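Here the structure comes first, spelled out in structure tokens, and everything after it is commentary.
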Amino acid sequence: MRTLLALICFSSLANAADRPNFVWLISEDNSKHFLKLFDQHGAETPNIATLAKHGLCFDHAFSNAPVCSVARSTLITGCYAPRIGAQYHRRAAMSPLPTGMKLFPAYLREAGYYTTNKSKTDYNVLGIEGTWDASSGKASWRNRKAGQPFFHKQSFGVSHEGRLHFPTADIENKPTQTDPETVFVNPRHPRTKTFRYTYARYHDQIRLVDQEIGTVVDQLEQDGLLEDTFIFYFGDHGGVLPGSKGYAYETGLHVPLVVRVPEKWKHLADFPIGTRVDGFVSFIDFGPTLLKLAGLDVPKQMDGNPFLGKGITADQVNSRNATFGYADRFDEKIDFVRTVRIGKYKYIRNFTPFNYDGLQNNYRYIQAAYAEWRKLYDEGKLNAVQRGFFEPRPMEEVYDVESDPYETKNLAASMPLEPLQNLRRTLAMHLKETHDLSFVPESVMVAKAMENPTAWGEANAEELWELQQIAMPGTGRFKVARVWLEPALKADNPMKRYWAIVSCSVFGQAAKPLMPIIKTMSAEDDHLLVRARAAEFLALHNGTDPKKVLLDVLAQSRQGVQANEILNIIVMLRDGRHRYDIPVTAESVHKSVRSDQNVDRRISYLTSKLGRSDRWVNKPRRRGKRKRQPKAADK
């Protein structure tokens, strides 16, 4: 038996001996906007630029998700996270892989590769066993057998958002190498001293990333491996300046990607060395690309397509012009956003647009720039573009990101109907085909689908499609949408009732003819989330105090993710323009859910000094815009 195993091992190693090596160098939390190689306002990164000189620079590379664990789960599986139940950061439950599938490095390992990870394994999926030969802060290709090909993945935390959690005293006492007066501040942000310093400090961190990447490349050269190794440098999702990480804008999704092509294996890249590649690639494609470069088959369960390898032509790659994005729960902050970009047009669908971007997230607001941005909003010192982060969003947004890279001018109401409908249809069909599991609330997914989320989605495809149609009632008149929303409010399926109420909240005042039904549901529905969403509608559009209903359903909840969704509604109604007084304490939730980390974060915030400061006016604010000072903070 031992002889047989040894022969199998020797055979795998012999077959792998003449295959390229792969190294992934991943900078955490930075979009393409912070490297001069990709954006005129970015920092100089000479080591990354040298990689590009000897390889390919991808101008349209995208993380499918704007946050760590979801983006990383997409990378390691080659699958859209909402299809496999891995779309929530931090996960309430780990998601099993699709039947018969492994994480992509496991296929390389089976083919004889030495696989190493230095060192994050923050995935939302199970199946890590058998993936890595070594996974730690000391993992290195140098521990492989002689002549063995390798895949080495390494992350660089010096660009992580935590590096911007500095005390405000640093602005005066800790100078940056980058001059704060010279940095570009994107138009969504006020150009204050705090923001300029934060940008400058992040530019310094990007330069440190570049130095660390140079060190790894030097090690490969010292080992005589440089011309045998494909080196991928990329960001693991968008940047950490406010409104980037966690948000499905270009600053959260559009990442830098450079691939150094080794001399020995340049025949596997059908591009001239030093080329800038125009075709669209995204994280679902990265794993399949390595398998293709290694001469292996891409598993049919993966969603991505290779963009390098034998038989992949430059014309094929440059013809690719679309990418999809998703943003769901990010720590305790809940949202549901889906995007598609086709060419220069970016389409964003906000499924709960009343749930504004700037809703409290405890970890985000540690950053001084975040806190100042909100303070300036409360003081009425922001212009229209800057204050949009703290106000309800449109149901749909469309941006020409070539002329408007920071997505400030929504074209949804003014662009020609045909291209708008194409964007709508493309996204709708993608959500249908991928059986997007976010069309049931996370608490329902965890309770019903986590044994095999992919199979559950396929088995319940018809129901998910029906829920999607209710959740996407079109952008026309409510009179048209009422034809299917009213029956959905009365349906036996609580998820149909749930989405019908959310859609009514999107339509707003136009949906008031259905008020009597929704009032009854708020008082009597047997599903806690349906009651909570009904109370939310009445609070937003009828001035009805939601306190009694929301505190009642919160006390009844026995599931952490469900309690957190109710708390999300409470924070939005307390902190938003209506400013409802909903007094929450630790005793407001059942003891069985108090240990849930997101429930704990919400309770900590709602009972903190910040959660009870003077900026929360403890009386309902009905409809109408707040009066603000005309002076903008960036003038």
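Chain labels follow the order of the structure tokens: the first chain is A, the next B, and so on; residue numbering restarts at 1 in every chain, and ligands are counted from 1 in their shown order.
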
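Every protein, DNA or RNA residue with an atom at most 7 Å from Asn321 in chain A, where only C-alpha atoms count and chain neighbours fewer than 5 positions away do not, is listed here: Gly279, Phe280, Ile342 and Gly343 of chain A.
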
| task | Using only C-alpha atoms, determine which residues lie at most 7 Å from range 368-372 of chain A, disregarding the query and same-chain residues fewer than 3 positions distant; provide the list as a PyMOL selection string. | result | chain A and resi 168+194-195+242+364-365+375-376

Save out the residues we just selected, N, CA and C atoms, as a short mmCIF file (atom, residue, chain, number, x, y, z; two decimals), in the first residue's frame.
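The result, written out as part_14.cif:
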```cif
data_model
loop_
_atom_site.label_atom_id
_atom_site.label_comp_id
_atom_site.auth_asym_id
_atom_site.auth_seq_id
_atom_site.Cartn_x
_atom_site.Cartn_y
_atom_site.Cartn_z
N THR A 168 -7.40 61.33 16.67
CA THR A 168 -7.44 62.61 15.95
C THR A 168 -6.23 63.48 16.25
N THR A 194 -9.21 66.90 8.18
CA THR A 194 -9.25 65.48 8.57
C THR A 194 -9.22 64.58 7.35
N PHE A 195 -10.01 64.91 6.35
CA PHE A 195 -10.05 64.08 5.15
C PHE A 195 -8.73 64.15 4.38
N PRO A 242 -14.09 56.53 3.67
CA PRO A 242 -15.53 56.37 3.91
C PRO A 242 -16.34 56.17 2.64
N ARG A 364 -16.76 50.92 11.32
CA ARG A 364 -16.50 52.00 10.36
C ARG A 364 -16.29 53.33 11.08
N TYR A 365 -17.14 53.61 12.06
CA TYR A 365 -17.14 54.94 12.67
C TYR A 365 -16.03 55.13 13.70
N LYS A 375 -20.82 64.21 11.37
CA LYS A 375 -20.99 65.43 12.16
C LYS A 375 -21.29 66.62 11.25
N LEU A 376 -20.57 66.73 10.15
CA LEU A 376 -20.80 67.83 9.21
C LEU A 376 -22.19 67.73 8.58
#
```

| query | How would you write, as number ranges by chain, the set of residues in range 317-511 of chain A that DSSP gives as strand (DSSP E)? | reply | A: 322-327, 337-342, 345-350, 396-400

| request: Check the smallest atom-to-atom distance from each of A:Pro187, A:Phe283, A:Gly130, A:Arg602 to Asn383 in chain A using only C-alpha atoms, then report the winner. | output: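 Using only C-alpha atoms, the shortest distance to Asn383 in chain A belongs to A:Pro187.
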
| message | Give me the residues near range 433-444 of chain A as JSON, numbers by chain, where near means some atom within 10 Å (using only C-alpha atoms) and where sequence neighbours in that chain fewer than 3 positions away do not count. | response | {"A": [79, 80, 81, 82, 83, 84, 85, 86, 87, 88, 91, 92, 93, 303, 328, 329, 334, 336, 337, 351, 427, 428, 429, 430, 447, 448, 449, 450, 453, 454, 455, 456, 457, 458, 459, 460, 461, 462, 463, 464, 465, 466, 467, 468, 469, 470, 471, 495, 496, 498, 499, 529, 559, 560, 561, 562, 563, 564, 565]}

Mind dumping the selected residues with C-alpha atoms as a PDB file, in the first residue's frame?
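File written: result_12.pdb
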```
ATOM      1  CA  CYS A  79     -18.492  31.167  -7.533  1.00  0.00           C
ATOM      2  CA  TYR A  80     -20.890  34.060  -7.020  1.00  0.00           C
ATOM      3  CA  ALA A  81     -21.309  34.236  -3.247  1.00  0.00           C
ATOM      4  CA  PRO A  82     -25.111  34.788  -3.244  1.00  0.00           C
ATOM      5  CA  ARG A  83     -25.517  31.561  -5.252  1.00  0.00           C
ATOM      6  CA  ILE A  84     -23.661  29.448  -2.690  1.00  0.00           C
ATOM      7  CA  GLY A  85     -24.792  31.176   0.519  1.00  0.00           C
ATOM      8  CA  ALA A  86     -21.501  32.991   1.238  1.00  0.00           C
ATOM      9  CA  GLN A  87     -22.659  36.597   0.773  1.00  0.00           C
ATOM     10  CA  TYR A  88     -22.797  37.812   4.389  1.00  0.00           C
ATOM     11  CA  ARG A  91     -21.308  34.829   8.389  1.00  0.00           C
ATOM     12  CA  ALA A  92     -23.921  33.517  10.794  1.00  0.00           C
ATOM     13  CA  ALA A  93     -23.207  30.001   9.501  1.00  0.00           C
ATOM     14  CA  ASP A 303     -19.077  30.527 -12.379  1.00  0.00           C
ATOM     15  CA  ASP A 328     -25.379  42.412   1.740  1.00  0.00           C
ATOM     16  CA  ARG A 329     -24.846  42.430   5.491  1.00  0.00           C
ATOM     17  CA  ILE A 334     -27.716  45.180   6.709  1.00  0.00           C
ATOM     18  CA  PHE A 336     -29.174  44.422  -0.179  1.00  0.00           C
ATOM     19  CA  VAL A 337     -27.559  45.914  -3.280  1.00  0.00           C
ATOM     20  CA  PHE A 351     -33.585  46.793  -2.755  1.00  0.00           C
ATOM     21  CA  LEU A 427     -29.184  42.208 -13.883  1.00  0.00           C
ATOM     22  CA  ALA A 428     -32.630  40.620 -13.445  1.00  0.00           C
ATOM     23  CA  MET A 429     -31.694  37.589 -15.555  1.00  0.00           C
ATOM     24  CA  HIS A 430     -28.391  37.201 -13.706  1.00  0.00           C
ATOM     25  CA  ALA A 447     -32.717  28.112   9.098  1.00  0.00           C
ATOM     26  CA  LYS A 448     -33.676  26.355   5.865  1.00  0.00           C
ATOM     27  CA  ALA A 449     -30.839  26.268   3.354  1.00  0.00           C
ATOM     28  CA  MET A 450     -27.456  25.812   5.045  1.00  0.00           C
ATOM     29  CA  PRO A 453     -27.351  26.325  -0.039  1.00  0.00           C
ATOM     30  CA  THR A 454     -26.622  25.814  -3.744  1.00  0.00           C
ATOM     31  CA  ALA A 455     -28.915  22.803  -4.014  1.00  0.00           C
ATOM     32  CA  TRP A 456     -31.590  24.582  -1.966  1.00  0.00           C
ATOM     33  CA  GLY A 457     -31.490  27.527  -4.340  1.00  0.00           C
ATOM     34  CA  GLU A 458     -31.832  25.266  -7.349  1.00  0.00           C
ATOM     35  CA  ALA A 459     -34.698  23.319  -5.755  1.00  0.00           C
ATOM     36  CA  ASN A 460     -36.505  26.552  -4.836  1.00  0.00           C
ATOM     37  CA  ALA A 461     -35.684  28.439  -8.039  1.00  0.00           C
ATOM     38  CA  GLU A 462     -39.334  29.102  -8.885  1.00  0.00           C
ATOM     39  CA  GLU A 463     -40.068  30.601  -5.453  1.00  0.00           C
ATOM     40  CA  LEU A 464     -36.913  32.728  -5.566  1.00  0.00           C
ATOM     41  CA  TRP A 465     -37.941  34.024  -8.998  1.00  0.00           C
ATOM     42  CA  GLU A 466     -41.411  34.911  -7.679  1.00  0.00           C
ATOM     43  CA  LEU A 467     -39.872  36.750  -4.723  1.00  0.00           C
ATOM     44  CA  GLN A 468     -37.499  38.561  -7.073  1.00  0.00           C
ATOM     45  CA  GLN A 469     -40.421  39.790  -9.171  1.00  0.00           C
ATOM     46  CA  ILE A 470     -42.141  41.150  -6.057  1.00  0.00           C
ATOM     47  CA  ALA A 471     -38.885  42.739  -4.859  1.00  0.00           C
ATOM     48  CA  MET A 495     -41.660  35.791   2.206  1.00  0.00           C
ATOM     49  CA  LYS A 496     -44.062  37.116  -0.422  1.00  0.00           C
ATOM     50  CA  TYR A 498     -42.241  40.410   3.382  1.00  0.00           C
ATOM     51  CA  TRP A 499     -41.119  41.592  -0.056  1.00  0.00           C
ATOM     52  CA  LEU A 529     -39.985  40.138  10.166  1.00  0.00           C
ATOM     53  CA  GLN A 559     -32.538  33.971  16.338  1.00  0.00           C
ATOM     54  CA  GLY A 560     -29.561  36.325  16.326  1.00  0.00           C
ATOM     55  CA  VAL A 561     -29.622  37.200  12.622  1.00  0.00           C
ATOM     56  CA  GLN A 562     -33.358  37.893  12.820  1.00  0.00           C
ATOM     57  CA  ALA A 563     -32.984  40.077  15.918  1.00  0.00           C
ATOM     58  CA  ASN A 564     -30.226  41.987  14.133  1.00  0.00           C
ATOM     59  CA  GLU A 565     -32.495  42.725  11.173  1.00  0.00           C
TER      60      GLU A 565
END
```

| message | Considering only helix (DSSP H, G or I) as DSSP defines it on the backbone, what residues of range 199-354 of chain A qualify? List them as JSON, numbers by chain. | response | {"A": [199, 200, 201, 202, 203, 204, 205, 206, 207, 208, 209, 210, 211, 212, 213, 214, 215, 216, 217, 218, 219, 220, 221, 222, 226, 227, 228, 250, 251, 252, 253, 263, 264, 265, 266, 267, 268, 283, 284, 285, 286, 287, 288, 289, 290, 291, 292, 293, 314, 315, 316, 317, 318]}

| message | Could you list, as a PyMOL selection string, every residue within 9 Å of Pro262 in chain A, counting only C-alpha atoms and ignoring same-chain residues fewer than 4 positions away? | response | chain A and resi 20+54-55+226-231+266

| Counting only C-alpha atoms, what is within 8 Å of Thr323 in chain A, bar same-chain residues fewer than 3 positions away, as a ChimeraX atom specification? | /A:62,64,280-282,340-342

Export of the given selection (C-alpha atoms) as a compact mmCIF listing (two decimals), in the first residue's frame:
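Done, and the output landed in selection.txt:
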```txt
# COMPACT_ATOMS: atom_id res chain seq x y z
CA PHE A 62 -13.30 43.84 -10.19
CA ASN A 64 -17.53 40.99 -7.02
CA PHE A 280 -13.43 42.92 -17.90
CA VAL A 281 -12.31 40.30 -15.38
CA SER A 282 -13.59 39.69 -11.87
CA VAL A 340 -24.03 45.27 -13.14
CA ARG A 341 -21.51 47.22 -15.14
CA ILE A 342 -21.61 46.95 -18.94
```

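Comparing the minimum interatomic distances between Val571 in chain A and each of A:Arg601, A:Lys490, A:His89, A:Arg477, counting only C-alpha atoms, we find that A:Arg601 sits nearest.
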
Kindly assemble as a Markdown table a list of the range 39-118 of chain A residues that lie within 12 Å of range 307-320 of chain A, each paired with its nearest atom pair and their distance in Å to one decimal, using only C-alpha atoms, sorted first by chain and then by ascending residue number.
```
| residue | atom | partner | partner_atom | distance |
| --- | --- | --- | --- | --- |
| A:Gly55 | CA | A:Leu308 | CA | 12.0 |
| A:Leu56 | CA | A:Leu308 | CA | 10.7 |
| A:Phe58 | CA | A:Asn318 | CA | 10.2 |
| A:Asp59 | CA | A:Asn318 | CA | 10.7 |
| A:His60 | CA | A:Arg320 | CA | 9.8 |
| A:Ala61 | CA | A:Arg320 | CA | 11.1 |
```

| field | Minimum-distance residue to Leu411 in chain A, chosen among A:Trp141, A:Tyr347, A:Tyr123, A:Phe151 (using only C-alpha atoms) | value |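 Smallest distance to Leu411 in chain A is found for A:Tyr347.
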